[in-house]
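Novice: Quick one: the structure is below, questions incoming.
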Amino acid sequence: MSKIFFGFALADSMFNGDCTIRRRKLPVDQVAERVAAGVESCCNPSHAATIAAMRAKFNLDVSIPTTPPRVSVGVGDSIIVMGVRGLPRLTDRHEYTNEEVANATFEFSEYTVIG
């Protein structure tokens with residue numbers, strides 16, 4: 001059975017050996033379907049403000065595990081990655097303003113190991 005992970009970045013160590021990866025943009029409705037069906041979160045507690053922004057903007061609820069899982073992506077598995085542009089680094093506070101979230105650009109991509 002294939003797994004679907006959700007996170008904000010990719011790391012080379014996530015992939016098992018040599019593989020071919022297909023990347024495609026996902027519209028929010030398809031992301032919502034996959035999240036509702038169940039994804040394994042690769043997020044960590046430092047992503048709390050970004051997850052909150054995603055919940056506010058798209059009503060997507062992805063958990064924040066206490067300890068991020070060790071991700072091992074094999075053939076048939078995929079990772080949905082949310083890329084965000086325009087949100088400032090939070091250095092002196094712990095959440096984004098509604099205006100910051102409204103002005104940011106969010107994009108979702110799915111990386112699937114096909115071979």
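So you can find residues: chains in the structure tokens are A, B, ... in the order shown, residues in each start at 1, and ligands are numbered from 1 in order.
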List the neighbours of Ala53 (chain A) out to 9 Å using only C-alpha atoms; skip same-chain residues closer than 3 positions along the sequence, and give me the result as a list in words.

Specialist: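 That gives Ala48, Ala49, Thr50, Ala56, Lys57, Phe58, Glu95, Tyr96, Thr97, Asn98 and Val101 of chain A.
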
Novice: At a cut-off of 8 Å, using only C-alpha atoms, what residues contact Thr112 (chain A)? Leave out same-chain residues fewer than 6 positions from it and give the result as number ranges by chain.

Specialist: A: 21-23, 75-79

Novice: Could you write out that same residue set with N, CA and C atoms as an mmCIF file, in the first residue's frame?

Specialist:
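The new file selection32.cif reads:
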data_model
loop_
_atom_site.group_PDB
_atom_site.id
_atom_site.type_symbol
_atom_site.label_atom_id
_atom_site.label_comp_id
_atom_site.auth_asym_id
_atom_site.auth_seq_id
_atom_site.Cartn_x
_atom_site.Cartn_y
_atom_site.Cartn_z
ATOM 1 N N ILE A 21 11.446 10.338 -10.014
ATOM 2 C CA ILE A 21 10.406 11.073 -9.303
ATOM 3 C C ILE A 21 9.627 11.925 -10.293
ATOM 4 N N ARG A 22 8.304 11.873 -10.197
ATOM 5 C CA ARG A 22 7.435 12.734 -10.993
ATOM 6 C C ARG A 22 6.919 13.852 -10.091
ATOM 7 N N ARG A 23 7.051 15.089 -10.559
ATOM 8 C CA ARG A 23 6.541 16.248 -9.809
ATOM 9 C C ARG A 23 5.413 16.877 -10.597
ATOM 10 N N VAL A 75 8.827 3.263 -4.145
ATOM 11 C CA VAL A 75 8.031 3.255 -5.366
ATOM 12 C C VAL A 75 6.539 3.267 -5.016
ATOM 13 N N GLY A 76 5.816 4.197 -5.636
ATOM 14 C CA GLY A 76 4.379 4.340 -5.406
ATOM 15 C C GLY A 76 4.023 5.334 -4.318
ATOM 16 N N ASP A 77 4.974 5.673 -3.480
ATOM 17 C CA ASP A 77 4.730 6.645 -2.409
ATOM 18 C C ASP A 77 4.860 8.059 -2.955
ATOM 19 N N SER A 78 4.269 9.006 -2.246
ATOM 20 C CA SER A 78 4.389 10.396 -2.661
ATOM 21 C C SER A 78 4.478 11.324 -1.461
ATOM 22 N N ILE A 79 4.957 12.523 -1.761
ATOM 23 C CA ILE A 79 5.050 13.584 -0.748
ATOM 24 C C ILE A 79 4.376 14.812 -1.327
#

Novice: Which residue gives the smallest distance to Pro68 (chain A) among A:Pro45, A:Gly17, A:Gly38, A:Pro27, with only C-alpha atoms counted?

Specialist: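 Distance minimum relative to Pro68 (chain A) lands on A:Pro45.
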
Novice: Give me, as a list in words, the residues of chain A that a backbone DSSP run labels strand (DSSP E).

Specialist: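 So the strand (DSSP E) residues in chain A would be Ile4, Phe5, Phe6, Gly7, Ile21, Arg22, Arg23, Arg24, Lys25, Leu26, Glu40, Ser41, Ser78, Ile79, Ile80, Val81, Met82, Gly83, Val84, Arg85, Thr105, Phe106, Glu107, Phe108, Ser109, Glu110, Tyr111, Thr112 and Val113 of chain A.
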
Novice: Looking at only C-alpha atoms, which of A:Leu26, A:Val31, A:Cys43, A:Ala104 is the one that sits closest to Val71 (chain A)?

Specialist: A:Cys43

Novice: Between A:Cys42, A:Ala37, A:Met82, A:Leu90, single out the one closest to Phe106 (chain A), counting only C-alpha atoms.

Specialist: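 Closest candidate: A:Met82.
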
Novice: What parts of chain A does DSSP call helix (DSSP H, G or I)? I'd like the answer as a ChimeraX atom specification.

Specialist: /A:12-14,28-37,45-58,98-103

Novice: With a distance cut-off of 7 Å and only C-alpha atoms, select the neighbouring residues of Asn44 (chain A), excluding the residue or stretch itself and same-chain residues fewer than 4 positions from it, and output the selection as an NGL selection string.

Specialist: :A and (64-68)

Novice: Given the choices A:Asn16, A:Ala36, A:Leu87, A:Leu10, which gets closest to Glu99 (chain A) if the distance is worked out from only C-alpha atoms?

Specialist: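 Looking at the shortest contact to Glu99 (chain A), the residue is A:Leu87.
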
Novice: Excluding same-chain residues fewer than 4 positions from Asp61 (chain A), what lies within 10 Å of it counting only C-alpha atoms, as a PyMOL selection string?

Specialist: chain A and resi 32+35-36+51-52+54-56

Novice: Now that the selection is made, can you save its residues with C-alpha atoms as a PDB file, in the first residue's frame?

Specialist:
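Printed below is again_21.pdb as written:
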ATOM      1  CA  ALA A  32      -7.898  18.524   0.537  1.00  0.00           C
ATOM      2  CA  VAL A  35      -5.452  15.164   3.476  1.00  0.00           C
ATOM      3  CA  ALA A  36      -8.999  13.986   4.286  1.00  0.00           C
ATOM      4  CA  ILE A  51       0.343  25.110   9.546  1.00  0.00           C
ATOM      5  CA  ALA A  52      -1.975  27.631  11.251  1.00  0.00           C
ATOM      6  CA  MET A  54      -2.603  26.902   5.934  1.00  0.00           C
ATOM      7  CA  ARG A  55      -5.572  25.989   8.134  1.00  0.00           C
ATOM      8  CA  ALA A  56      -6.859  29.576   8.039  1.00  0.00           C
TER       9      ALA A  56
END

Novice: What does the structure give for the distance between CA of Ser46 (chain A) and CA of Arg24 (chain A), in Å to one decimal?

Specialist: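 Taking CA of Ser46 (chain A) as the start and CA of Arg24 (chain A) as the end point, the length is 26.4 Å.
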
Novice: Fewer than 3 positions away in the same chain doesn't count, so skip those; otherwise give me all residues within 7 Å of Phe15 (chain A), counting only C-alpha atoms, as a PyMOL selection string.

Specialist: chain A and resi 12+72-74

Novice: Of the residues A:Glu40, A:Glu100, A:Glu107, A:Asp29, which is the one nearest to Gly7 (chain A), using only C-alpha atoms?

Specialist: A:Glu40
